[in-house]
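**Q** Let me begin by handing over the structure; questions about it come next.
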Amino acid sequence: MTRSPERWSAVLFDLDGTLADTTELILTCYRHTMELHRGGRLPDDLWLSTMGKPLRVQMQAFASSPEEHAGMVETYVRHQEEIHDRMVQPFPGVLELLGDLEQAGVPLAVVTSKGRRMATRTLRCCGLLDFFPHIVVGDEVTRGKPHPEPVHRALEALGLEPGPDVLFVGDSSWDVLSGNAAGVCTAAALWGPIERAMLEEAGPDYFIAAPSDVLVTQAPG
């Protein structure tokens with residue numbers, strides 16, 4: 001395909017597992033939380049299957065009471081605060097991709113289930129913050145992914161309508177489902193921690209093996 005990023009009216013990105021390599025950070029915090037509250041590690045796959053949802057929603061499946069849920073969330077967040085900065089980095093090729101899209105004049109936004117403070121911190125640590133004047137976060141929407149609301153919020157911020165000329169890139173099924181429900185094109189990022197078979201069930205428009213592949217996807221029509 002011809003490299004034509006300008007074919008897109010906008011490109012939206014998930015954060016964790018798509019722009020930022022935070023998988024080991026996330027799993028370390030999960031393991032620490034389970035060891036403290038459950039007395040031992042649980043399989044990583046249990047947590048990975050919930051990736052893309054807000055932390056409080058993720059943790060509901062592991063807590064036996066509202067009080068324990070609150071404690072588990074607090075433990076996770078506290079540990080994340082302590083180790084975050086030394087455990088996050090952009091995926092290879094992300095900085096180059098964002099530079100190419102910016103040079104082509106393509107509007108960009110982040111759509112993440114993270115809260116505002118930690119999302120900003122992750123983007124800053126990865127050197128990505130300046131690319132994104134618009135960041136939609138999980139604690140500022142009524143209904144998070146896989147609902148379309150976060151994607152619609154990003155489009156509103158960009159002054160755009162939903163349509164196949166907008167691309168949403170994410171590494172989880174929840175990203176794909178949110179984008180599909182919002183009426184935009186979706187690309188499943190295969191460099192994240194989620195297996196392709198799980199992503200296939202969500203029905204993305206594209207599978208992309210590396211960040212640079214965004215440049216060779218083309219809006220329909």
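In the structure tokens, chains take letters A, B, ... by order of appearance, with residues numbered from 1 within each chain and ligands from 1 in the order shown.
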Within 7 Å of region 24-39 of chain A, which residues of region 78-158 of chain A come that close, and what is the closest atom pair and distance in Å for each? Count only C-alpha atoms and give it as JSON lines.
**A**
{"residue": "A:His79", "atom": "CA", "partner": "A:Cys29", "partner_atom": "CA", "distance": 6.1}
{"residue": "A:Gln80", "atom": "CA", "partner": "A:Cys29", "partner_atom": "CA", "distance": 6.1}
{"residue": "A:His84", "atom": "CA", "partner": "A:Leu25", "partner_atom": "CA", "distance": 6.8}
{"residue": "A:Met87", "atom": "CA", "partner": "A:Leu25", "partner_atom": "CA", "distance": 5.8}
**Q** Could you list, as a count of residues only, every residue within 7 Å of region 208-211 of chain A, counting only C-alpha atoms and ignoring same-chain residues fewer than 2 positions away?
**A** 11
**Q** List the spatial neighbours of Pro133 (chain A) as a list in words - criterion: any atom at most 12 Å away, only C-alpha atoms, same-chain residues fewer than 3 positions off excluded.
**A**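 Surrounding residues, per the criterion: Leu12, Glu102, Pro107, Leu108, Ala109, Val110, Val111, Thr120, Leu123, Leu128, Leu129, Asp130, Val136, Ala154, Ala157 and Leu158 of chain A.
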**Q** Identify, with DSSP run on backbone atoms, the residues in region 24-206 of chain A assigned to alpha helix (DSSP H), and express the list as a PyMOL selection string.
**A** chain A and resi 24-38+44-48+55-60+66-83+94-103+116-125+149-158+173-182+196-202
**Q** For the residues in that selection, give me C-alpha atoms as a compact mmCIF listing (two decimals), in the first residue's frame.
**A**
# COMPACT_ATOMS: atom_id res chain seq x y z
CA GLU A 24 5.34 -5.72 33.03
CA LEU A 25 4.40 -2.75 35.22
CA ILE A 26 0.74 -3.77 35.14
CA LEU A 27 1.45 -7.44 35.85
CA THR A 28 3.88 -6.56 38.65
CA CYS A 29 1.20 -4.46 40.36
CA TYR A 30 -1.39 -7.20 39.85
CA ARG A 31 0.90 -9.88 41.29
CA HIS A 32 1.79 -7.70 44.27
CA THR A 33 -1.90 -7.05 44.96
CA MET A 34 -2.88 -10.70 44.74
CA GLU A 35 0.00 -11.79 46.97
CA LEU A 36 -1.00 -9.26 49.61
CA HIS A 37 -4.76 -9.83 49.49
CA ARG A 38 -4.99 -13.43 48.26
CA ASP A 44 -1.45 -13.61 34.66
CA ASP A 45 -3.99 -14.54 32.00
CA LEU A 46 -6.83 -13.71 34.39
CA TRP A 47 -5.67 -10.11 34.53
CA LEU A 48 -4.69 -9.85 30.87
CA LEU A 55 -8.84 -0.61 37.15
CA ARG A 56 -11.84 -0.52 39.48
CA VAL A 57 -13.84 -2.62 37.04
CA GLN A 58 -10.96 -5.07 36.59
CA MET A 59 -10.57 -5.55 40.32
CA GLN A 60 -14.24 -6.38 40.91
CA PRO A 66 -16.72 -3.83 48.62
CA GLU A 67 -14.21 -3.27 51.43
CA GLU A 68 -11.74 -5.73 49.96
CA HIS A 69 -12.25 -4.21 46.52
CA ALA A 70 -11.34 -0.76 47.82
CA GLY A 71 -8.28 -2.17 49.58
CA MET A 72 -7.08 -4.04 46.51
CA VAL A 73 -7.42 -0.96 44.32
CA GLU A 74 -5.51 1.09 46.89
CA THR A 75 -2.73 -1.52 47.05
CA TYR A 76 -2.42 -1.65 43.27
CA VAL A 77 -2.35 2.13 42.88
CA ARG A 78 0.18 2.64 45.67
CA HIS A 79 2.56 0.07 44.23
CA GLN A 80 2.15 1.53 40.75
CA GLU A 81 3.06 4.97 42.07
CA GLU A 82 6.28 3.57 43.54
CA ILE A 83 7.59 1.71 40.49
CA VAL A 94 5.89 4.80 18.31
CA LEU A 95 7.79 8.10 18.43
CA GLU A 96 8.57 7.86 14.73
CA LEU A 97 4.94 7.06 13.89
CA LEU A 98 3.57 9.97 15.87
CA GLY A 99 6.10 12.30 14.28
CA ASP A 100 5.05 11.17 10.79
CA LEU A 101 1.35 11.62 11.61
CA GLU A 102 1.96 15.03 13.13
CA GLN A 103 3.99 16.11 10.09
CA ARG A 116 -5.98 11.53 34.16
CA ARG A 117 -3.02 11.79 36.49
CA MET A 118 -1.44 8.43 35.67
CA ALA A 119 -2.19 8.69 31.96
CA THR A 120 -0.42 12.05 31.84
CA ARG A 121 2.47 10.65 33.85
CA THR A 122 2.86 7.67 31.50
CA LEU A 123 2.78 9.86 28.40
CA ARG A 124 5.31 12.24 29.93
CA CYS A 125 7.68 9.43 30.96
CA GLU A 149 -18.60 6.97 24.87
CA PRO A 150 -14.78 7.37 25.23
CA VAL A 151 -14.30 7.37 21.46
CA HIS A 152 -17.18 9.79 20.97
CA ARG A 153 -15.63 12.09 23.59
CA ALA A 154 -12.37 12.12 21.65
CA LEU A 155 -14.16 12.93 18.42
CA GLU A 156 -16.04 15.77 20.09
CA ALA A 157 -12.75 17.20 21.34
CA LEU A 158 -11.37 17.03 17.80
CA SER A 173 -10.75 -6.38 22.57
CA TRP A 174 -12.30 -3.56 24.58
CA ASP A 175 -10.58 -0.99 22.35
CA VAL A 176 -11.85 -2.69 19.21
CA LEU A 177 -15.38 -3.08 20.54
CA SER A 178 -15.47 0.55 21.66
CA GLY A 179 -14.28 1.79 18.28
CA ASN A 180 -16.64 -0.46 16.36
CA ALA A 181 -19.59 0.68 18.46
CA ALA A 182 -18.57 4.31 17.95
CA ARG A 196 -4.53 -12.37 18.19
CA ALA A 197 -7.22 -15.03 18.67
CA MET A 198 -8.90 -12.93 21.36
CA LEU A 199 -8.68 -9.80 19.21
CA GLU A 200 -10.18 -11.61 16.23
CA GLU A 201 -13.36 -12.22 18.20
CA ALA A 202 -13.83 -8.46 18.54
**Q** Looking at A:Thr18, A:Pro146, A:Gly183, A:Pro204, which one is nearest to Glu161 (chain A), with distances taken over only C-alpha atoms?
**A** A:Gly183
